[in-house]
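Peer 1: The structure file my_file.cif (mmCIF, C-alpha atoms (C1' of nucleotides)) is provided below.
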```
data_final
loop_
_atom_site.label_atom_id
_atom_site.label_comp_id
_atom_site.auth_asym_id
_atom_site.auth_seq_id
_atom_site.Cartn_x
_atom_site.Cartn_y
_atom_site.Cartn_z
CA MET A 1 1.58 -34.74 7.80
CA ILE A 2 5.31 -35.41 7.69
CA GLU A 3 7.36 -32.22 7.55
CA ASP A 4 10.56 -33.01 5.76
CA VAL A 5 13.35 -30.46 5.64
CA GLU A 6 12.84 -29.58 2.00
CA LEU A 7 9.15 -28.95 2.47
CA MET A 8 9.82 -26.76 5.50
CA LYS A 9 12.22 -24.67 3.47
CA LEU A 10 9.66 -24.33 0.68
CA LYS A 11 7.10 -23.26 3.26
CA LYS A 12 9.36 -20.55 4.68
CA GLU A 13 10.12 -19.24 1.19
CA LEU A 14 6.45 -19.17 0.22
CA ILE A 15 5.50 -17.34 3.42
CA GLU A 16 8.18 -14.76 2.73
CA GLU A 17 7.10 -14.33 -0.89
CA MET A 18 3.47 -13.89 0.08
CA GLY A 19 4.59 -11.63 2.90
CA VAL A 20 6.22 -9.18 0.52
CA TYR A 21 3.24 -9.32 -1.84
CA PHE A 22 0.53 -8.64 0.74
CA GLU A 23 2.63 -5.99 2.41
CA CYS A 24 2.63 -3.92 -0.79
CA GLN A 25 -0.67 -5.01 -2.27
CA ASP A 26 -2.95 -4.96 0.73
CA MET A 27 -1.07 -2.49 2.93
CA LEU A 28 -0.51 -4.97 5.73
CA SER A 29 2.30 -4.72 8.26
CA PRO A 30 5.18 -7.12 7.61
CA LEU A 31 4.01 -9.43 10.36
CA SER A 32 0.32 -9.31 9.40
CA SER A 33 1.11 -10.29 5.84
CA ARG A 34 3.31 -13.18 6.93
CA ILE A 35 0.59 -14.44 9.27
CA PHE A 36 -1.90 -14.24 6.43
CA GLY A 37 0.50 -16.08 4.14
CA TYR A 38 1.05 -18.78 6.73
CA LEU A 39 -2.68 -19.25 7.20
CA ALA A 40 -3.16 -19.46 3.45
CA LEU A 41 -0.78 -22.43 3.47
CA ALA A 42 -2.34 -23.95 6.58
CA GLY A 43 -5.64 -24.22 4.74
CA ASP A 44 -8.93 -25.29 6.18
CA LYS A 45 -7.72 -26.63 9.53
CA GLY A 46 -6.07 -23.30 10.38
CA ALA A 47 -3.34 -22.90 12.99
CA THR A 48 -3.14 -22.17 16.70
CA PHE A 49 -1.50 -19.18 18.35
CA ASP A 50 1.47 -21.29 19.36
CA GLU A 51 1.92 -22.85 15.94
CA ILE A 52 2.09 -19.40 14.34
CA LEU A 53 4.44 -18.24 17.11
CA GLU A 54 6.72 -21.17 16.44
CA GLU A 55 6.72 -20.70 12.66
CA LEU A 56 7.21 -16.93 12.59
CA GLN A 57 9.40 -16.54 15.68
CA VAL A 58 7.80 -13.36 16.97
CA SER A 59 6.66 -12.13 20.35
CA LYS A 60 3.29 -13.10 21.75
CA SER A 61 2.26 -9.46 21.93
CA SER A 62 3.04 -8.75 18.27
CA LEU A 63 1.21 -11.87 17.21
CA SER A 64 -1.81 -11.02 19.32
CA THR A 65 -1.98 -7.47 17.99
CA ASN A 66 -1.64 -8.52 14.37
CA LEU A 67 -4.17 -11.34 14.67
CA GLN A 68 -6.66 -8.80 16.03
CA LEU A 69 -5.84 -6.45 13.18
CA LEU A 70 -6.42 -9.12 10.54
CA GLN A 71 -9.69 -10.12 12.19
CA SER A 72 -10.92 -6.52 12.31
CA MET A 73 -10.18 -6.24 8.58
CA GLY A 74 -12.18 -9.36 7.88
CA ARG A 75 -9.12 -11.09 6.52
CA ILE A 76 -9.07 -13.99 8.98
CA GLY A 77 -11.33 -15.65 11.52
CA TYR A 78 -11.11 -18.51 14.00
CA TYR A 79 -13.00 -21.52 15.26
CA THR A 80 -12.71 -23.57 18.43
CA LYS A 81 -13.02 -27.25 19.23
CA PRO A 82 -15.05 -28.44 22.23
CA GLY A 83 -12.76 -29.21 25.14
CA ASP A 84 -9.88 -27.26 23.59
CA ARG A 85 -9.36 -23.73 24.78
CA ARG A 86 -7.12 -22.76 21.87
CA ARG A 87 -8.38 -20.80 18.89
CA TYR A 88 -7.74 -22.16 15.42
CA PHE A 89 -7.08 -19.11 13.26
CA LYS A 90 -7.76 -19.47 9.57
CA ALA A 91 -8.23 -17.56 6.34
CA SER A 92 -11.50 -19.04 5.13
CA VAL A 93 -13.20 -18.74 1.77
CA ASP A 94 -15.43 -16.06 3.26
CA ASN A 95 -12.35 -14.08 4.22
CA MET A 96 -10.99 -14.42 0.68
CA ILE A 97 -14.28 -13.08 -0.61
CA ASN A 98 -14.05 -10.15 1.81
CA ARG A 99 -10.70 -9.36 0.25
CA LEU A 100 -12.34 -9.37 -3.18
CA ASP A 101 -14.97 -6.99 -1.86
CA ASP A 102 -12.23 -4.61 -0.80
CA LYS A 103 -10.85 -4.71 -4.31
CA ILE A 104 -14.28 -4.05 -5.78
CA ASN A 105 -14.75 -1.07 -3.49
CA SER A 106 -11.41 0.36 -4.44
CA TRP A 107 -12.34 0.20 -8.14
CA LYS A 108 -15.60 1.95 -7.25
CA LYS A 109 -13.64 4.67 -5.52
CA GLU A 110 -11.39 4.95 -8.56
CA ARG A 111 -14.46 5.38 -10.76
CA GLU A 112 -15.87 8.04 -8.46
CA LEU A 113 -12.61 9.97 -8.56
CA HIS A 114 -12.43 9.76 -12.34
CA VAL A 115 -15.92 11.18 -12.65
CA LYS A 116 -15.00 14.02 -10.32
CA VAL A 117 -11.83 14.79 -12.24
CA LEU A 118 -13.66 14.73 -15.57
CA ASN A 119 -16.25 17.04 -14.11
CA TYR A 120 -13.64 19.45 -12.81
CA ARG A 121 -11.72 19.44 -16.07
CA GLU A 122 -14.81 20.19 -18.12
CA LYS A 123 -15.63 23.07 -15.81
CA THR A 124 -12.19 24.63 -16.00
CA LEU A 125 -11.59 24.26 -19.74
CA SER A 126 -12.86 27.24 -21.68
CA ALA A 127 -15.04 26.70 -24.73
CA ASP A 128 -12.03 27.38 -26.94
CA ASP A 129 -9.83 24.89 -25.13
CA LYS A 130 -12.40 22.18 -25.63
CA LEU A 131 -12.03 22.41 -29.37
CA THR A 132 -8.30 21.65 -29.47
CA MET A 133 -7.45 18.14 -30.56
CA LYS A 134 -5.27 17.44 -27.53
CA ASN A 135 -7.96 18.36 -25.06
CA ARG A 136 -10.70 16.53 -26.89
CA LYS A 137 -8.56 13.42 -26.92
CA ASP A 138 -7.72 13.90 -23.28
CA LEU A 139 -11.35 14.17 -22.19
CA SER A 140 -12.39 11.24 -24.35
CA PHE A 141 -9.67 9.13 -22.73
CA ASN A 142 -11.12 10.05 -19.38
CA LYS A 143 -14.58 8.95 -20.51
CA HIS A 144 -13.26 5.70 -21.92
CA TYR A 145 -11.41 5.01 -18.71
CA ILE A 146 -14.63 5.34 -16.74
CA GLU A 147 -16.33 2.84 -19.04
CA PHE A 148 -13.35 0.57 -18.59
CA VAL A 149 -13.60 0.74 -14.82
CA ASP A 150 -17.31 -0.05 -15.07
CA ALA A 151 -16.49 -3.19 -17.00
CA MET A 152 -13.88 -4.15 -14.40
CA ILE A 153 -16.33 -3.71 -11.53
CA GLU A 154 -18.99 -5.72 -13.31
CA ASN A 155 -16.54 -8.51 -13.94
CA LEU A 156 -15.27 -8.57 -10.39
CA CYS A 157 -18.81 -8.77 -9.04
CA LYS A 158 -19.78 -11.51 -11.48
CA LEU A 159 -16.77 -13.61 -10.62
CA LYS A 160 -17.17 -12.99 -6.94
CA ASN A 161 -20.71 -14.32 -7.10
CA ASN A 162 -19.40 -17.21 -9.11
CA LEU A 163 -16.98 -18.07 -6.33
CA ILE A 164 -19.70 -17.79 -3.72
CA THR A 165 -21.93 -20.17 -5.68
CA VAL A 166 -19.17 -22.72 -6.18
CA ASN A 167 -18.43 -22.56 -2.48
CA GLN A 168 -22.06 -23.06 -1.45
CA VAL A 169 -22.56 -26.23 -3.47
CA GLN A 170 -23.04 -28.78 -0.67
CA MET B 1 -8.76 30.10 -16.98
CA ILE B 2 -10.36 32.13 -14.22
CA GLU B 3 -9.86 30.55 -10.81
CA ASP B 4 -12.78 31.57 -8.69
CA VAL B 5 -12.69 30.87 -4.97
CA GLU B 6 -15.22 28.06 -5.12
CA LEU B 7 -13.35 26.24 -7.86
CA MET B 8 -10.07 26.57 -5.95
CA LYS B 9 -11.70 25.01 -2.92
CA LEU B 10 -13.04 22.15 -5.03
CA LYS B 11 -9.57 21.66 -6.46
CA LYS B 12 -7.97 21.42 -3.03
CA GLU B 13 -10.60 18.95 -1.88
CA LEU B 14 -10.16 16.78 -4.96
CA ILE B 15 -6.38 16.76 -4.60
CA GLU B 16 -6.75 15.69 -1.00
CA GLU B 17 -9.27 12.97 -1.87
CA MET B 18 -7.05 11.59 -4.62
CA GLY B 19 -4.10 11.96 -2.30
CA VAL B 20 -5.57 9.63 0.27
CA TYR B 21 -6.63 7.18 -2.43
CA PHE B 22 -3.28 6.90 -4.19
CA GLU B 23 -1.44 6.76 -0.90
CA CYS B 24 -3.25 3.55 0.02
CA GLN B 25 -3.87 2.13 -3.41
CA ASP B 26 -0.57 2.73 -5.13
CA MET B 27 1.73 2.91 -2.10
CA LEU B 28 2.83 6.47 -2.82
CA SER B 29 4.13 8.84 -0.18
CA PRO B 30 1.59 11.47 0.90
CA LEU B 31 3.32 14.12 -1.19
CA SER B 32 3.78 11.92 -4.26
CA SER B 33 0.12 11.07 -4.34
CA ARG B 34 -0.93 14.68 -4.00
CA ILE B 35 1.40 15.69 -6.83
CA PHE B 36 -0.08 12.94 -8.96
CA GLY B 37 -3.59 14.09 -8.08
CA TYR B 38 -2.76 17.69 -8.93
CA LEU B 39 -1.31 16.67 -12.29
CA ALA B 40 -4.41 14.58 -13.03
CA LEU B 41 -6.44 17.77 -12.64
CA ALA B 42 -3.96 19.88 -14.58
CA GLY B 43 -4.52 17.67 -17.61
CA ASP B 44 -2.70 17.82 -20.88
CA LYS B 45 -0.86 21.10 -20.39
CA GLY B 46 0.76 19.86 -17.17
CA ALA B 47 2.22 22.15 -14.50
CA THR B 48 5.59 23.70 -13.74
CA PHE B 49 7.72 23.09 -10.66
CA ASP B 50 6.67 26.47 -9.24
CA GLU B 51 2.99 25.94 -9.91
CA ILE B 52 3.06 22.67 -7.99
CA LEU B 53 5.10 24.33 -5.23
CA GLU B 54 2.51 27.08 -4.95
CA GLU B 55 -0.46 24.68 -4.91
CA LEU B 56 0.92 22.14 -2.45
CA GLN B 57 2.97 24.46 -0.22
CA VAL B 58 5.94 22.15 0.24
CA SER B 59 9.68 22.58 0.15
CA LYS B 60 11.58 22.57 -3.14
CA SER B 61 13.61 19.59 -2.00
CA SER B 62 10.60 17.46 -1.19
CA LEU B 63 8.96 18.38 -4.46
CA SER B 64 12.12 17.58 -6.41
CA THR B 65 12.57 14.21 -4.71
CA ASN B 66 8.97 13.19 -5.20
CA LEU B 67 8.86 14.30 -8.82
CA GLN B 68 11.90 12.13 -9.48
CA LEU B 69 10.24 9.25 -7.69
CA LEU B 70 7.07 9.51 -9.75
CA GLN B 71 9.10 9.71 -12.95
CA SER B 72 11.15 6.65 -12.04
CA MET B 73 7.89 4.75 -11.47
CA GLY B 74 6.62 5.78 -14.88
CA ARG B 75 3.74 7.62 -13.31
CA ILE B 76 4.53 11.08 -14.69
CA GLY B 77 6.72 12.66 -17.36
CA TYR B 78 7.50 16.17 -18.59
CA TYR B 79 7.93 18.21 -21.74
CA THR B 80 9.63 21.52 -22.42
CA LYS B 81 8.81 24.47 -24.63
CA PRO B 82 11.51 26.07 -26.81
CA GLY B 83 12.91 29.19 -25.13
CA ASP B 84 11.46 28.17 -21.75
CA ARG B 85 13.78 26.46 -19.36
CA ARG B 86 11.01 25.17 -17.11
CA ARG B 87 9.74 21.60 -17.25
CA TYR B 88 6.05 21.00 -17.67
CA PHE B 89 5.30 17.94 -15.59
CA LYS B 90 2.26 15.92 -16.56
CA ALA B 91 0.52 12.60 -16.09
CA SER B 92 -0.05 11.62 -19.70
CA VAL B 93 -2.22 8.86 -21.14
CA ASP B 94 0.93 6.75 -21.48
CA ASN B 95 1.58 7.16 -17.78
CA MET B 96 -1.99 6.11 -17.02
CA ILE B 97 -1.43 3.01 -19.11
CA ASN B 98 1.79 2.30 -17.19
CA ARG B 99 -0.29 2.33 -14.06
CA LEU B 100 -2.63 -0.21 -15.61
CA ASP B 101 0.37 -2.36 -16.46
CA ASP B 102 1.39 -2.33 -12.82
CA LYS B 103 -2.07 -3.55 -11.89
CA ILE B 104 -1.89 -6.30 -14.50
CA ASN B 105 1.47 -7.41 -13.16
CA SER B 106 0.18 -7.52 -9.63
CA TRP B 107 -2.68 -9.81 -10.69
CA LYS B 108 -0.14 -11.99 -12.46
CA LYS B 109 1.85 -12.18 -9.25
CA GLU B 110 -1.31 -13.06 -7.37
CA ARG B 111 -1.96 -15.86 -9.83
CA GLU B 112 1.59 -17.16 -9.46
CA LEU B 113 1.26 -17.22 -5.69
CA HIS B 114 -2.06 -19.03 -5.84
CA VAL B 115 -0.56 -21.71 -8.04
CA LYS B 116 2.32 -22.12 -5.63
CA VAL B 117 0.00 -22.35 -2.63
CA LEU B 118 -2.21 -24.89 -4.39
CA ASN B 119 0.87 -26.89 -5.26
CA TYR B 120 2.13 -26.82 -1.69
CA ARG B 121 -1.24 -27.76 -0.26
CA GLU B 122 -1.62 -30.73 -2.56
CA LYS B 123 1.83 -31.91 -1.57
CA THR B 124 1.20 -31.67 2.15
CA LEU B 125 -2.27 -33.15 2.25
CA SER B 126 -2.22 -36.91 2.67
CA ALA B 127 -4.33 -39.08 0.38
CA ASP B 128 -6.88 -39.48 3.17
CA ASP B 129 -7.13 -35.76 3.79
CA LYS B 130 -7.87 -35.14 0.14
CA LEU B 131 -11.05 -37.18 0.37
CA THR B 132 -12.67 -35.11 3.10
CA MET B 133 -15.36 -32.80 1.86
CA LYS B 134 -13.86 -29.71 3.51
CA ASN B 135 -10.51 -30.17 1.86
CA ARG B 136 -11.94 -31.01 -1.53
CA LYS B 137 -14.02 -27.87 -1.40
CA ASP B 138 -11.02 -25.90 -0.25
CA LEU B 139 -8.80 -27.06 -3.09
CA SER B 140 -11.51 -26.55 -5.65
CA PHE B 141 -11.97 -23.00 -4.42
CA ASN B 142 -8.29 -22.47 -4.96
CA LYS B 143 -8.57 -23.75 -8.53
CA HIS B 144 -11.60 -21.60 -9.23
CA TYR B 145 -9.81 -18.58 -7.87
CA ILE B 146 -6.97 -19.11 -10.30
CA GLU B 147 -9.43 -19.27 -13.18
CA PHE B 148 -11.00 -16.11 -11.87
CA VAL B 149 -7.68 -14.32 -11.78
CA ASP B 150 -7.02 -15.46 -15.36
CA ALA B 151 -10.27 -13.86 -16.42
CA MET B 152 -9.31 -10.65 -14.61
CA ILE B 153 -5.93 -10.49 -16.30
CA GLU B 154 -7.45 -11.13 -19.73
CA ASN B 155 -9.98 -8.39 -19.15
CA LEU B 156 -7.41 -5.89 -17.97
CA CYS B 157 -5.21 -6.58 -21.00
CA LYS B 158 -8.11 -6.31 -23.42
CA LEU B 159 -9.27 -3.05 -21.96
CA LYS B 160 -5.75 -1.69 -21.80
CA ASN B 161 -5.32 -2.36 -25.53
CA ASN B 162 -8.69 -0.77 -26.07
CA LEU B 163 -7.50 2.39 -24.35
CA ILE B 164 -4.28 2.42 -26.37
CA THR B 165 -6.23 2.12 -29.62
CA VAL B 166 -8.64 4.88 -28.70
CA ASN B 167 -5.70 7.08 -27.81
CA GLN B 168 -3.86 6.42 -31.05
CA VAL B 169 -6.74 7.44 -33.32
CA GLN B 170 -5.28 10.56 -34.99
"C1'" DC C 1 -7.57 -22.58 45.73
"C1'" DG C 2 -3.23 -22.53 43.43
"C1'" DT C 3 -1.42 -23.47 38.80
"C1'" DT C 4 -1.35 -23.89 34.01
"C1'" DT C 5 -2.95 -22.37 29.52
"C1'" DA C 6 -4.11 -19.06 26.07
"C1'" DG C 7 -3.88 -15.23 25.00
"C1'" DT C 8 -4.25 -9.46 25.94
"C1'" DT C 9 -2.76 -4.87 27.30
"C1'" DC C 10 0.43 -1.34 28.03
"C1'" DG C 11 4.64 1.37 27.92
"C1'" DG C 12 8.62 1.82 25.65
"C1'" DT C 13 12.20 1.52 21.89
"C1'" DA C 14 14.26 0.71 17.39
"C1'" DA C 15 13.68 1.37 12.67
"C1'" DT C 16 11.78 3.54 8.92
"C1'" DT C 17 9.71 7.32 6.30
"C1'" DA C 18 8.56 11.90 5.04
"C1'" DC C 19 9.83 16.11 4.90
"C1'" DC C 20 12.72 20.21 5.50
"C1'" DG C 21 16.55 23.97 4.99
"C1'" DA C 22 20.82 25.22 3.24
"C1'" DA C 23 24.17 24.84 0.11
"C1'" DC C 24 24.95 23.60 -4.49
"C1'" DT C 25 24.86 23.17 -9.95
"C1'" DA C 26 24.05 24.15 -14.60
"C1'" DA C 27 21.98 26.81 -18.05
"C1'" DA C 28 20.64 31.27 -19.64
"C1'" DC C 29 20.34 36.09 -19.44
"C1'" DA C 30 22.02 40.95 -19.05
"C1'" DT D 1 31.07 38.00 -15.93
"C1'" DG D 2 27.93 38.41 -12.44
"C1'" DT D 3 23.01 37.30 -11.68
"C1'" DT D 4 18.78 35.02 -12.09
"C1'" DT D 5 16.21 30.82 -12.89
"C1'" DA D 6 15.13 26.05 -12.30
"C1'" DG D 7 15.79 22.78 -10.11
"C1'" DT D 8 19.18 18.98 -7.25
"C1'" DT D 9 21.77 17.06 -3.41
"C1'" DC D 10 22.81 16.27 1.24
"C1'" DG D 11 22.43 16.06 6.22
"C1'" DG D 12 19.38 16.26 9.68
"C1'" DT D 13 14.90 16.00 12.31
"C1'" DA D 14 10.09 15.01 13.36
"C1'" DA D 15 6.61 11.73 12.99
"C1'" DT D 16 5.05 7.30 12.35
"C1'" DT D 17 5.17 2.29 12.50
"C1'" DA D 18 6.48 -2.19 13.95
"C1'" DC D 19 7.78 -4.75 17.27
"C1'" DC D 20 9.09 -6.17 21.95
"C1'" DG D 21 8.99 -7.53 27.16
"C1'" DA D 22 6.62 -7.57 31.31
"C1'" DA D 23 2.72 -7.56 33.72
"C1'" DC D 24 -1.92 -8.86 33.47
"C1'" DT D 25 -6.62 -11.52 32.82
"C1'" DA D 26 -9.82 -15.11 32.39
"C1'" DA D 27 -10.90 -19.76 31.91
"C1'" DA D 28 -9.96 -24.46 33.07
"C1'" DC D 29 -7.67 -28.05 35.52
"C1'" DG D 30 -6.08 -30.79 39.54
#
```
Let me see the file written as structure tokens.
Peer 2:
Amino acid sequence: MIEDVELMKLKKELIEEMGVYFECQDMLSPLSSRIFGYLALAGDKGATFDEILEELQVSKSSLSTNLQLLQSMGRIGYYTKPGDRRRYFKASVDNMINRLDDKINSWKKERELHVKVLNYREKTLSADDKLTMKNRKDLSFNKHYIEFVDAMIENLCKLKNNLITVNQVQ
Amino acid sequence: MIEDVELMKLKKELIEEMGVYFECQDMLSPLSSRIFGYLALAGDKGATFDEILEELQVSKSSLSTNLQLLQSMGRIGYYTKPGDRRRYFKASVDNMINRLDDKINSWKKERELHVKVLNYREKTLSADDKLTMKNRKDLSFNKHYIEFVDAMIENLCKLKNNLITVNQVQ
DNA sequence: CGTTTAGTTCGGTAATTACCGAACTAAACA
DNA sequence: TGTTTAGTTCGGTAATTACCGAACTAAACG
């Protein structure tokens, strides 16, 4: 692969853009999210410790710590080649699916909380309160939201399984 | 509304549980997420500055700052009553829908990034590389993921409009 | 067995964030 | 017009987080 200057610039920009996204979206440290972004670009062959070091210009210790962090979260893994001591870190399809699982679980938690809130609100509203239009609307919104979250979870699971199937073909 | 001891304890627990959730999920400060949780429980009538102060036991300045933050994010609003200077802060249905919008936008960003990564990867892979099974599978996963995200976005939008409609009835 | 390679561990520091108290403002009340 | 109410603003501090360098380990190589 020939790395021309333009492509290298594009790479740096993409890593930074993904970095910001994962930082906010997945609550990763700045460095963790840039590593993850870099590995997303590196694709199937992954990248070695030194390659990441070179690209991101950070200390060995920070890189080591953040690679361990990402591995413990199930976001990356590594493989080795016989006769080569280096690890090839990569964000595999399995890791991507782990990330989906996290999203599914967070919707499940959101559902659980909504049920608890609805429950609490029904307990605390007096019989009179329940008859007012505002409150009836409010509670019905809550119920609809729970149904909505159910649909979301179902969809996520379906599409996750879809991705697994596609990946397993051959 | 009579606040018995048991119910108060349940309330505190729920606020804390939501607090932790929103902190991670929506990147809110600890206090912001607890305020939001409290207002979710308070429901349609909302809560005054002093009521929140009393419940969460924080300083006026912190409360003020975090209320402004939540308002600027579109996560809460307030209304006033004639002859009552106090603001009644609340997380209305509209605010909940704003939150959904944020989620939709983040999926859109995720889609955009995936397209960019796919683009980059196709550029950097040589013609030979593209023929290997691993890489073909890898790129096809990427394409499937984009389709998957499209489906997610469509679903979120549909269900958001659903919620808006339900809310507008009367 | 000494040296190189490929990381890891540990202690510390710089930067950021979250929160606080005190002083302040602006409206309303007496 | 002075006082209360309902917050806001500002400067500072405590806690957390992110990162770093230096010393270390464990495997492999010569």
Peer 1: Find the residues near B:Glu110: any atom within 9 Å, counting all atoms listed in the file, skip ones fewer than 5 places away on the same chain, and give them as a list in words.
Peer 2: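 The filter keeps Met18 and Tyr21 of chain A; Asn105, Val115, Ile146 and Val149 of chain B.
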Peer 1: Check which residues satisfy the PyMOL selection byres ((chain C and resi 19) around 10) in the file shown, then give them as a ChimeraX atom specification.
Peer 2: /B:31,58-59,61-63 /C:17-18,20 /D:13-15
Peer 1: May I have the residues of chain C within 10 Å of chain A, counting all atoms listed in the file, written as a VMD selection string?
Peer 2: chain C and resid 5 to 9
Peer 1: Once the PyMOL selection byres ((chain A) within 9 of (chain B)) has been applied to the shown file, what residues remain in the selection, as an MDAnalysis selection string?
Peer 2: chainID A and resid 1:3 7 10:11 14 17:18 21 24:27 40:45 92:93 106 109:110 113 116:118 120:121 123:126 134:135 137:141 144:145 148 151:152 155:156 159:160 162:163 166:167 169
Peer 1: Which value, in Å to one decimal, gives the distance between atom CA of B:Met8 and atom CA of B:Tyr78?
Peer 2: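 So the answer is 24.0 Å.
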Peer 1: Tell me the residues of chain D close to chain B, meaning within 9 Å using all atoms listed in the file, as an mmCIF file with C-alpha atoms (C1' of nucleotides), keeping the file's coordinate frame.
Peer 2:
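As a result, iface-v2.cif now contains:
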```cif
data_model
loop_
_atom_site.group_PDB
_atom_site.id
_atom_site.type_symbol
_atom_site.label_atom_id
_atom_site.label_comp_id
_atom_site.auth_asym_id
_atom_site.auth_seq_id
_atom_site.Cartn_x
_atom_site.Cartn_y
_atom_site.Cartn_z
ATOM 1 C "C1'" DT D 5 16.210 30.820 -12.890
ATOM 2 C "C1'" DA D 6 15.130 26.050 -12.300
ATOM 3 C "C1'" DG D 7 15.790 22.780 -10.110
ATOM 4 C "C1'" DT D 8 19.180 18.980 -7.250
ATOM 5 C "C1'" DT D 9 21.770 17.060 -3.410
#
```
Peer 1: What's the separation between atom CA of B:Leu56 and atom C1' of D:DA18, in Å to one decimal place?
Peer 2: 29.9 Å
Peer 1: Take the point (-4.7, -30.1, 38.7) in the file's coordinates, draw a sphere of radius 12 Å around it, and report as a PDB file with C-alpha atoms (C1' of nucleotides), keeping the file's coordinate frame every protein, DNA or RNA residue with an atom inside or on it, counting only C-alpha atoms (C1' of nucleotides).
Peer 2:
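Now in point.pdb:
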```pdb
ATOM      1  C1'  DC C   1      -7.570 -22.580  45.730  1.00  0.00           C
ATOM      2  C1'  DG C   2      -3.230 -22.530  43.430  1.00  0.00           C
ATOM      3  C1'  DT C   3      -1.420 -23.470  38.800  1.00  0.00           C
ATOM      4  C1'  DT C   4      -1.350 -23.890  34.010  1.00  0.00           C
TER       5       DT C   4
ATOM      6  C1'  DA D  28      -9.960 -24.460  33.070  1.00  0.00           C
ATOM      7  C1'  DC D  29      -7.670 -28.050  35.520  1.00  0.00           C
ATOM      8  C1'  DG D  30      -6.080 -30.790  39.540  1.00  0.00           C
TER       9       DG D  30
END
```
Peer 1: Could you state the separation of atom C1' of C:DA28 and atom CA of B:Lys90 in Å, given to one decimal place?
Peer 2: 24.1 Å
Peer 1: Applying the PyMOL selection byres ((chain B and resi 33) around 8) to the file I just gave you, which residues come out? Please list them as a PyMOL selection string.
Peer 2: chain B and resi 18-20+22-23+28-32+34-37
Peer 1: Around all the atoms of stretch 4-7 of chain C listed in the file, draw an axis-aligned box and extend it by 6 Å on each of the six sides; I want its centre and edge lengths in Å to one decimal, as AutoDock Vina command-line options.
Peer 2:
```
--center_x -2.7 --center_y -19.6 --center_z 29.5 --size_x 14.8 --size_y 20.7 --size_z 21.0
```
Peer 1: Since the input lacks some atoms of stretch 89-103 of chain B, please model N, CA and C atoms and print them as a short mmCIF file (atom, residue, chain, number, x, y, z; two decimals), keeping the file's coordinate frame.
Peer 2:
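Final file, rebuild_16.cif:
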```cif
data_model
loop_
_atom_site.label_atom_id
_atom_site.label_comp_id
_atom_site.auth_asym_id
_atom_site.auth_seq_id
_atom_site.Cartn_x
_atom_site.Cartn_y
_atom_site.Cartn_z
N PHE B 89 5.57 19.30 -16.04
CA PHE B 89 5.30 17.94 -15.59
C PHE B 89 3.85 17.57 -15.89
N LYS B 90 3.66 16.35 -16.32
CA LYS B 90 2.26 15.92 -16.56
C LYS B 90 2.09 14.41 -16.44
N ALA B 91 0.88 14.03 -16.10
CA ALA B 91 0.52 12.60 -16.09
C ALA B 91 -0.21 12.34 -17.39
N SER B 92 0.52 11.81 -18.36
CA SER B 92 -0.05 11.62 -19.70
C SER B 92 -0.82 10.30 -19.78
N VAL B 93 -1.48 10.11 -20.90
CA VAL B 93 -2.22 8.86 -21.14
C VAL B 93 -1.27 7.68 -21.03
N ASP B 94 -0.05 7.83 -21.58
CA ASP B 94 0.93 6.75 -21.48
C ASP B 94 1.20 6.39 -20.02
N ASN B 95 1.33 7.40 -19.20
CA ASN B 95 1.58 7.16 -17.78
C ASN B 95 0.41 6.42 -17.13
N MET B 96 -0.81 6.80 -17.55
CA MET B 96 -1.99 6.11 -17.02
C MET B 96 -1.94 4.64 -17.42
N ILE B 97 -1.49 4.39 -18.62
CA ILE B 97 -1.43 3.01 -19.11
C ILE B 97 -0.32 2.23 -18.37
N ASN B 98 0.76 2.92 -18.04
CA ASN B 98 1.79 2.30 -17.19
C ASN B 98 1.19 1.82 -15.88
N ARG B 99 0.34 2.67 -15.34
CA ARG B 99 -0.29 2.33 -14.06
C ARG B 99 -1.14 1.07 -14.22
N LEU B 100 -1.84 0.99 -15.33
CA LEU B 100 -2.63 -0.21 -15.61
C LEU B 100 -1.74 -1.43 -15.69
N ASP B 101 -0.60 -1.26 -16.35
CA ASP B 101 0.37 -2.36 -16.46
C ASP B 101 0.79 -2.86 -15.09
N ASP B 102 1.02 -1.93 -14.19
CA ASP B 102 1.39 -2.33 -12.82
C ASP B 102 0.29 -3.19 -12.20
N LYS B 103 -0.95 -2.78 -12.45
CA LYS B 103 -2.07 -3.55 -11.89
C LYS B 103 -2.12 -4.94 -12.52
#
```
